[in-house]
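*Asks:* Dumping the structure here so I can ask a few things about it.
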Number of protein chains: 2
Amino acid sequence: MASPSNSAKKQFNFDPRKFLATIGEGRKVVAFPKKQTIFTQGDAADSVFYIQQGKVRLSVVSKIGKEATLGILSEGEFFGEGGLAGQRLRMGSAAAMTDCELLQIDKKAMMLALHREHTFSDLFVAYLLARNIRYEEDLVDQLFNSSEKRLARILLLLAHFGKEGVPETVIPKISQETLAEMIGTTRSRVSFFMNRFRKLGFVNYGESGLQVHSSLLNIVLHD
Amino acid sequence: MASPSNSAKKQFNFDPRKFLATIGEGRKVVAFPKKQTIFTQGDAADSVFYIQQGKVRLSVVSKIGKEATLGILSEGEFFGEGGLAGQRLRMGSAAAMTDCELLQIDKKAMMLALHREHTFSDLFVAYLLARNIRYEEDLVDQLFNSSEKRLARILLLLAHFGKEGVPETVIPKISQETLAEMIGTTRSRVSFFMNRFRKLGFVNYGESGLQVHSSLLNIVLHD
DNA sequence: CGGAAGATGTTCACTTTTGCTCAGAATTGG
DNA sequence: CCAATTCTGAGCAAAAGTGAACATCTTCCG
């Protein structure tokens, strides 16, 4: 999975941050400590965020209180862009998973910049395309696969597979609860499959966190 | 659900087709009769389509041959835009559900136009935002709801609810098979729920096709 | 250090869903 | 018009997933 910032660089060969800086008034750098809420479902949707540092979790709560996690975003990604499409209110919540440094851009300033700056517009289009692809893949995954496969896929994605063949450490702390919310199942199910994966040698709990072995791909790829 | 073309018009106040016409070389109008394949999973992804007339179904086939329907698109929507984000091959298939008139735009021409024409770029961004929102909603629906609720939601969306309070006729022909592929369940399940909905008076098979009553919303909204 | 709060591992009775199969209805194309 | 498909409604056993409970483990702090 190419991250949006990477694909933007690859295709257009420039650094997003440089162009974001040219927006001028209507933007500001904001810091959020770990666990802090950035915005909540129901807030006014009058700005867009760009992640300079850290990880952000997007989630939604259903009428009956069930929670779902839509994604975990990292450096170089945008979020909260629903307002640009006319949504008045936030349809979900965003929270800092680590200490974060974000660029908060007013909706107005963002729309002006998109209309004025070719390169910025190119960047944002590249981001939206990448995000579309990711949502589409997540949806396909939900339509096709069992919860065991969905869990395996999310673990591989979180481990940044595809960079090197080397087993890489997953984001140090991610609870089974959050994993369950991402794949749409219960925590006890996640616990059950995690133990199975461990017994089969696909993952292991090292001191530096959870390690994912590429052989886990077998679960995803098999039939 | 606002269709992309509507939201583009609402926000930017212009007609997409006018600007698409300015692309010049690198685009052509193509017609597809009902049921014809437009492109197939695995084809080279070297162009983007814009729907001028008709309805198009996007689908994906899994390794084991299961099929999923990702969406049914209408006039004013783009599809096949994955290539713009660097995808070399089509990740799914597209087929005409009705006789269609499409605008096929070369990837190169599209990227040039996006970079050159402010208004075209604005239009495309609006489309991508709308599409993102729709995918996000579909994903949330999958994460939260049972197949019964997912079916009810899809029926309401297909019936264009929100336009008038009037019960509207669903797209004349949509098989239970396709419905099943859209919500990620089996056809027999769809059959079961459709009968239940009918017995409860939420839908009925009129001579003009399937009619959806707004009371079906109760199924979606009730805990 | 010692709670308190948060994670995790496990179990278990229930529900829901799947994956068939089969037979009748509705459509479609000669 | 008939024959061949393609839909549809049903039923059922097996599989998967749910929700809640409860007993450890860990971590975090005062």
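We name chains A, B, ... following the order of the structure tokens; residues begin at 1 in each chain, and ligands are numbered from 1 as shown.
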With a distance threshold of 9 Å and counting only C-alpha atoms (C1' of nucleotides), extract the residues of chain B near chain D and express them as a PyMOL selection string.
*Replies:* chain B and resi 175-177+188+191-192+195
*Asks:* Find the nearest atom pair between each residue of chain B and chain C for residues within 12 Å, count only C-alpha atoms (C1' of nucleotides), give distances in Å to one decimal, sort rows by chain and ascending number, and present the table as CSV.
*Replies:*
```
residue,atom,partner,partner_atom,distance
B:Ser146,CA,C:DT16,C1',8.9
B:Ser147,CA,C:DT17,C1',9.2
B:Glu148,CA,C:DT16,C1',10.8
B:Lys173,CA,C:DT27,C1',11.8
B:Gly184,CA,C:DT17,C1',11.0
B:Thr185,CA,C:DT17,C1',8.3
B:Thr186,CA,C:DT18,C1',7.7
B:Arg187,CA,C:DT18,C1',10.7
B:Ser188,CA,C:DT18,C1',9.9
B:Arg189,CA,C:DT17,C1',8.5
B:Val190,CA,C:DT17,C1',11.9
```
*Asks:* Would you put the residues from that selection into a file with N, CA and C atoms, as a PDB file, in the first residue's frame?
*Replies:*
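This is the output file again_18.pdb:
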```
ATOM      1  N   SER B 146     -25.973  -5.509  10.397  1.00  0.00           N
ATOM      2  CA  SER B 146     -26.266  -6.865   9.953  1.00  0.00           C
ATOM      3  C   SER B 146     -26.647  -6.829   8.482  1.00  0.00           C
ATOM      4  N   SER B 147     -26.684  -7.975   7.867  1.00  0.00           N
ATOM      5  CA  SER B 147     -26.987  -8.000   6.442  1.00  0.00           C
ATOM      6  C   SER B 147     -28.404  -7.498   6.168  1.00  0.00           C
ATOM      7  N   GLU B 148     -29.293  -7.674   7.114  1.00  0.00           N
ATOM      8  CA  GLU B 148     -30.653  -7.170   6.910  1.00  0.00           C
ATOM      9  C   GLU B 148     -30.648  -5.642   6.790  1.00  0.00           C
ATOM     10  N   LYS B 173     -34.509  -3.175 -13.048  1.00  0.00           N
ATOM     11  CA  LYS B 173     -34.048  -4.549 -12.919  1.00  0.00           C
ATOM     12  C   LYS B 173     -32.780  -4.594 -12.090  1.00  0.00           C
ATOM     13  N   GLY B 184     -22.487  -7.995   0.460  1.00  0.00           N
ATOM     14  CA  GLY B 184     -21.596  -9.012   1.003  1.00  0.00           C
ATOM     15  C   GLY B 184     -22.313 -10.141   1.702  1.00  0.00           C
ATOM     16  N   THR B 185     -23.354 -10.668   1.077  1.00  0.00           N
ATOM     17  CA  THR B 185     -24.000 -11.838   1.652  1.00  0.00           C
ATOM     18  C   THR B 185     -24.426 -12.755   0.505  1.00  0.00           C
ATOM     19  N   THR B 186     -25.230 -13.755   0.843  1.00  0.00           N
ATOM     20  CA  THR B 186     -25.618 -14.709  -0.188  1.00  0.00           C
ATOM     21  C   THR B 186     -26.990 -14.348  -0.749  1.00  0.00           C
ATOM     22  N   ARG B 187     -27.241 -14.847  -1.924  1.00  0.00           N
ATOM     23  CA  ARG B 187     -28.494 -14.523  -2.547  1.00  0.00           C
ATOM     24  C   ARG B 187     -29.689 -15.049  -1.754  1.00  0.00           C
ATOM     25  N   SER B 188     -29.546 -16.212  -1.167  1.00  0.00           N
ATOM     26  CA  SER B 188     -30.688 -16.777  -0.455  1.00  0.00           C
ATOM     27  C   SER B 188     -31.055 -15.907   0.749  1.00  0.00           C
ATOM     28  N   ARG B 189     -30.039 -15.254   1.300  1.00  0.00           N
ATOM     29  CA  ARG B 189     -30.289 -14.334   2.411  1.00  0.00           C
ATOM     30  C   ARG B 189     -31.099 -13.136   1.899  1.00  0.00           C
ATOM     31  N   VAL B 190     -30.702 -12.642   0.734  1.00  0.00           N
ATOM     32  CA  VAL B 190     -31.420 -11.506   0.151  1.00  0.00           C
ATOM     33  C   VAL B 190     -32.871 -11.901  -0.113  1.00  0.00           C
TER      34      VAL B 190
END
```
*Asks:* Compile the contact shell of B:Ser62 as a tab-separated table (two decimals) with C-alpha atoms, in the first residue's frame: residues with an atom at most 10 Å away, counting only C-alpha atoms (C1' of nucleotides), same-chain residues fewer than 3 positions apart removed.
*Replies:*
```
chain	number	residue	atom	x	y	z
A	140	VAL	CA	-13.59	-5.35	-0.88
A	141	ASP	CA	-11.88	-7.00	2.07
A	143	LEU	CA	-17.20	-8.08	1.28
A	144	PHE	CA	-14.98	-11.06	0.55
A	145	ASN	CA	-13.11	-12.19	3.60
A	223	ASP	CA	-8.13	-19.56	-1.01
B	65	GLY	CA	-14.27	-16.63	-7.94
B	66	LYS	CA	-16.62	-14.85	-5.59
B	67	GLU	CA	-17.91	-11.61	-7.05
B	68	ALA	CA	-18.54	-8.31	-5.28
B	92	GLY	CA	-11.91	-4.50	-11.05
```
*Asks:* Give the answer as one residue: which of A:Leu84, A:Val220, A:Ala96, A:Leu89 has the shortest atom-to-atom distance to chain B, using only C-alpha atoms?
*Replies:* A:Leu84
*Asks:* Could you find all residues in stretch 87-207 of chain B that DSSP calls strand (DSSP E) from the backbone, and write them as a list in words?
*Replies:*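 Strand (DSSP E) members of stretch 87-207 of chain B, listed: Ser93, Ala94, Ala95, Ala96, Cys100, Glu101, Leu102, Leu103, Gln104, Ile105, Asp106, Val203, Asn204, Tyr205 and Gly206 of chain B.
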*Asks:* Please write the residues from the selection above to a file, keeping N, CA, C and O atoms, as a compact mmCIF listing (two decimals), in the first residue's frame.
*Replies:*
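As a result, out.txt now contains:
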```txt
# COMPACT_ATOMS: atom_id res chain seq x y z
N SER B 93 -13.70 -4.72 -12.63
CA SER B 93 -14.32 -4.65 -13.94
C SER B 93 -15.45 -3.63 -13.94
O SER B 93 -16.01 -3.31 -12.90
N ALA B 94 -15.77 -3.13 -15.14
CA ALA B 94 -16.90 -2.22 -15.28
C ALA B 94 -17.77 -2.72 -16.43
O ALA B 94 -17.26 -3.14 -17.46
N ALA B 95 -19.08 -2.68 -16.23
CA ALA B 95 -19.99 -3.13 -17.27
C ALA B 95 -21.18 -2.19 -17.37
O ALA B 95 -21.60 -1.60 -16.36
N ALA B 96 -21.70 -2.03 -18.57
CA ALA B 96 -22.86 -1.18 -18.79
C ALA B 96 -24.11 -1.91 -18.30
O ALA B 96 -24.39 -3.03 -18.72
N CYS B 100 -25.17 2.95 -22.65
CA CYS B 100 -24.40 4.03 -22.06
C CYS B 100 -23.70 4.90 -23.10
O CYS B 100 -23.31 4.41 -24.17
N GLU B 101 -23.55 6.15 -22.75
CA GLU B 101 -22.70 7.04 -23.54
C GLU B 101 -21.64 7.57 -22.57
O GLU B 101 -21.97 8.25 -21.60
N LEU B 102 -20.40 7.22 -22.85
CA LEU B 102 -19.32 7.58 -21.93
C LEU B 102 -18.32 8.48 -22.61
O LEU B 102 -18.16 8.45 -23.83
N LEU B 103 -17.62 9.24 -21.83
CA LEU B 103 -16.49 10.01 -22.32
C LEU B 103 -15.26 9.28 -21.82
O LEU B 103 -15.10 9.10 -20.61
N GLN B 104 -14.43 8.85 -22.76
CA GLN B 104 -13.20 8.16 -22.36
C GLN B 104 -12.03 9.13 -22.52
O GLN B 104 -11.82 9.68 -23.60
N ILE B 105 -11.29 9.32 -21.46
CA ILE B 105 -10.22 10.31 -21.44
C ILE B 105 -8.89 9.64 -21.16
O ILE B 105 -8.74 8.92 -20.17
N ASP B 106 -7.91 9.86 -22.03
CA ASP B 106 -6.59 9.28 -21.82
C ASP B 106 -6.01 9.76 -20.50
O ASP B 106 -6.18 10.91 -20.12
N VAL B 203 -41.75 -2.92 1.05
CA VAL B 203 -41.53 -2.86 -0.40
C VAL B 203 -42.68 -3.61 -1.07
O VAL B 203 -43.39 -4.38 -0.43
N ASN B 204 -42.88 -3.33 -2.34
CA ASN B 204 -43.80 -4.18 -3.08
C ASN B 204 -43.44 -4.22 -4.56
O ASN B 204 -42.84 -3.30 -5.09
N TYR B 205 -43.76 -5.35 -5.16
CA TYR B 205 -43.43 -5.54 -6.56
C TYR B 205 -44.57 -5.02 -7.42
O TYR B 205 -45.51 -5.75 -7.73
N GLY B 206 -44.49 -3.75 -7.79
CA GLY B 206 -45.49 -3.20 -8.70
C GLY B 206 -45.15 -3.60 -10.12
O GLY B 206 -44.10 -4.20 -10.36
```
*Asks:* What lies within 7 Å of B:Phe78 using only C-alpha atoms (C1' of nucleotides), ignoring chain neighbours under 3 positions off, as a list in words?
*Replies:*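 That gives Phe49, Tyr50 and Ile51 of chain B.
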*Asks:* When you count only C-alpha atoms, which of these residues is closest to chain A: B:Ala159, B:Val212, B:Leu139, B:Ala45?
*Replies:*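 Going through B:Ala159, B:Val212, B:Leu139, B:Ala45 one by one, the smallest distance to chain A is for B:Leu139.
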*Asks:* I'd like a table as a tab-separated table: residues in chain B with an atom no more than 8 Å from chain A, each row giving the shortest atom pair and its distance in Å to one decimal, only C-alpha atoms counted, sorted by chain and rising residue number.
*Replies:*
```
residue	atom	partner	partner_atom	distance
B:Ser7	CA	A:Ala85	CA	7.3
B:Gln11	CA	A:Gly86	CA	7.9
B:Val60	CA	A:Val140	CA	7.8
B:Ser62	CA	A:Phe144	CA	7.2
B:Lys63	CA	A:Asp223	CA	6.7
B:Ile64	CA	A:Asp223	CA	6.0
B:Lys66	CA	A:Phe144	CA	7.4
B:Ala68	CA	A:Leu143	CA	6.7
B:Leu70	CA	A:Val140	CA	7.6
B:Glu81	CA	A:Leu129	CA	7.7
B:Gly82	CA	A:Leu129	CA	7.0
B:Leu84	CA	A:Leu129	CA	7.6
B:Ala85	CA	A:Leu129	CA	5.8
B:Gly86	CA	A:Ser7	CA	7.7
B:Leu114	CA	A:Asp122	CA	7.5
B:His115	CA	A:His118	CA	5.8
B:Arg116	CA	A:His118	CA	7.4
B:His118	CA	A:His115	CA	5.8
B:Thr119	CA	A:His115	CA	7.6
B:Ser121	CA	A:Ser121	CA	7.3
B:Asp122	CA	A:His115	CA	6.7
B:Val125	CA	A:Val125	CA	6.3
B:Ala126	CA	A:Ala85	CA	6.2
B:Leu128	CA	A:Leu128	CA	6.4
B:Leu129	CA	A:Ala85	CA	5.8
B:Ala130	CA	A:Ala85	CA	6.3
B:Arg131	CA	A:Asn132	CA	7.5
B:Asn132	CA	A:Asn132	CA	5.7
B:Ile133	CA	A:Gly82	CA	7.1
B:Tyr135	CA	A:Tyr135	CA	6.1
B:Glu136	CA	A:Tyr135	CA	6.7
B:Asp138	CA	A:Leu139	CA	7.3
B:Leu139	CA	A:Leu139	CA	5.6
B:Val140	CA	A:Ala68	CA	7.3
B:Gln142	CA	A:Gln142	CA	6.9
B:Leu143	CA	A:Gly184	CA	4.6
B:Phe144	CA	A:Gly184	CA	7.0
B:Glu181	CA	A:Leu143	CA	7.8
B:Met182	CA	A:Leu143	CA	7.9
B:Ile183	CA	A:Leu143	CA	7.0
B:Gly184	CA	A:Leu143	CA	4.5
B:Thr185	CA	A:Leu143	CA	7.8
B:Asp223	CA	A:Ile64	CA	6.2
```
*Asks:* So how far away is atom CA of B:Lys149 from atom CA of B:Ser215, in Å?
*Replies:*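 Separating atom CA of B:Ser215 from atom CA of B:Lys149 is a distance of 13.1 Å.
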*Asks:* Separation of atom CA of B:Gly26 and atom CA of B:Gln41, in Å?
*Replies:* 22.9 Å
*Asks:* Between A:Thr98, A:Ser47, A:Thr40, A:Gln53, single out the one closest to A:Lys28, counting only C-alpha atoms.
*Replies:*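 Nearest to A:Lys28: A:Ser47.
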*Asks:* Record the distance separating atom CA of A:Leu151 and atom CA of A:Phe193, expressed in Å with one decimal.
*Replies:* 8.0 Å
*Asks:* Can you list every residue in stretch 75-215 of chain B that DSSP puts in alpha helix (DSSP H), as a PyMOL selection string?
*Replies:* chain B and resi 107-116+118-144+147-158+176-183+187-199
*Asks:* Could you save those same residues with C-alpha atoms as a CSV table (one decimal), in the first residue's frame?
*Replies:*
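Now in part-v1.csv:
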```
chain,number,residue,atom,x,y,z
B,107,LYS,CA,-4.7,9.2,-18.6
B,108,LYS,CA,-2.1,11.7,-20.0
B,109,ALA,CA,-4.8,14.1,-21.2
B,110,MET,CA,-6.6,13.9,-17.9
B,111,MET,CA,-3.5,14.7,-15.9
B,112,LEU,CA,-2.7,17.6,-18.1
B,113,ALA,CA,-6.2,19.0,-17.9
B,114,LEU,CA,-6.2,18.6,-14.1
B,115,HIS,CA,-3.0,20.5,-13.9
B,116,ARG,CA,-4.1,23.2,-16.4
B,118,HIS,CA,-8.7,25.2,-12.4
B,119,THR,CA,-12.3,24.6,-12.9
B,120,PHE,CA,-11.8,21.1,-14.1
B,121,SER,CA,-9.6,20.3,-11.2
B,122,ASP,CA,-12.2,21.7,-8.8
B,123,LEU,CA,-14.8,19.5,-10.4
B,124,PHE,CA,-12.7,16.4,-10.1
B,125,VAL,CA,-11.8,17.2,-6.4
B,126,ALA,CA,-15.5,17.6,-5.7
B,127,TYR,CA,-16.1,14.2,-7.3
B,128,LEU,CA,-13.4,12.5,-5.4
B,129,LEU,CA,-14.6,13.9,-2.1
B,130,ALA,CA,-18.1,12.7,-2.7
B,131,ARG,CA,-16.8,9.3,-3.7
B,132,ASN,CA,-14.7,9.1,-0.6
B,133,ILE,CA,-17.6,9.9,1.6
B,134,ARG,CA,-19.7,7.2,-0.1
B,135,TYR,CA,-17.0,4.6,0.3
B,136,GLU,CA,-16.6,5.6,3.9
B,137,GLU,CA,-20.3,5.2,4.5
B,138,ASP,CA,-20.3,1.8,2.9
B,139,LEU,CA,-17.4,0.7,5.0
B,140,VAL,CA,-19.1,2.0,8.2
B,141,ASP,CA,-22.2,0.2,7.2
B,142,GLN,CA,-20.3,-3.1,6.8
B,143,LEU,CA,-18.6,-2.6,10.1
B,144,PHE,CA,-21.7,-1.9,12.1
B,147,SER,CA,-27.0,-8.0,6.4
B,148,GLU,CA,-30.7,-7.2,6.9
B,149,LYS,CA,-29.9,-3.5,7.6
B,150,ARG,CA,-27.3,-3.4,4.9
B,151,LEU,CA,-29.9,-4.6,2.4
B,152,ALA,CA,-32.5,-2.0,3.6
B,153,ARG,CA,-29.9,0.8,3.3
B,154,ILE,CA,-28.9,-0.2,-0.3
B,155,LEU,CA,-32.6,-0.4,-1.3
B,156,LEU,CA,-33.2,3.1,0.0
B,157,LEU,CA,-30.1,4.4,-1.7
B,158,LEU,CA,-31.1,2.8,-5.0
B,176,GLN,CA,-31.1,-10.5,-5.9
B,177,GLU,CA,-27.7,-11.8,-6.9
B,178,THR,CA,-26.4,-8.3,-7.5
B,179,LEU,CA,-27.9,-7.0,-4.3
B,180,ALA,CA,-26.2,-9.9,-2.5
B,181,GLU,CA,-22.9,-8.9,-4.1
B,182,MET,CA,-23.3,-5.3,-3.0
B,183,ILE,CA,-23.9,-6.0,0.7
B,187,ARG,CA,-28.5,-14.5,-2.5
B,188,SER,CA,-30.7,-16.8,-0.5
B,189,ARG,CA,-30.3,-14.3,2.4
B,190,VAL,CA,-31.4,-11.5,0.2
B,191,SER,CA,-34.4,-13.6,-0.9
B,192,PHE,CA,-35.3,-14.2,2.7
B,193,PHE,CA,-35.1,-10.6,3.7
B,194,MET,CA,-36.9,-9.3,0.6
B,195,ASN,CA,-39.9,-11.5,1.5
B,196,ARG,CA,-39.8,-10.3,5.0
B,197,PHE,CA,-39.8,-6.7,3.8
B,198,ARG,CA,-42.7,-7.4,1.5
B,199,LYS,CA,-44.7,-9.1,4.2
```
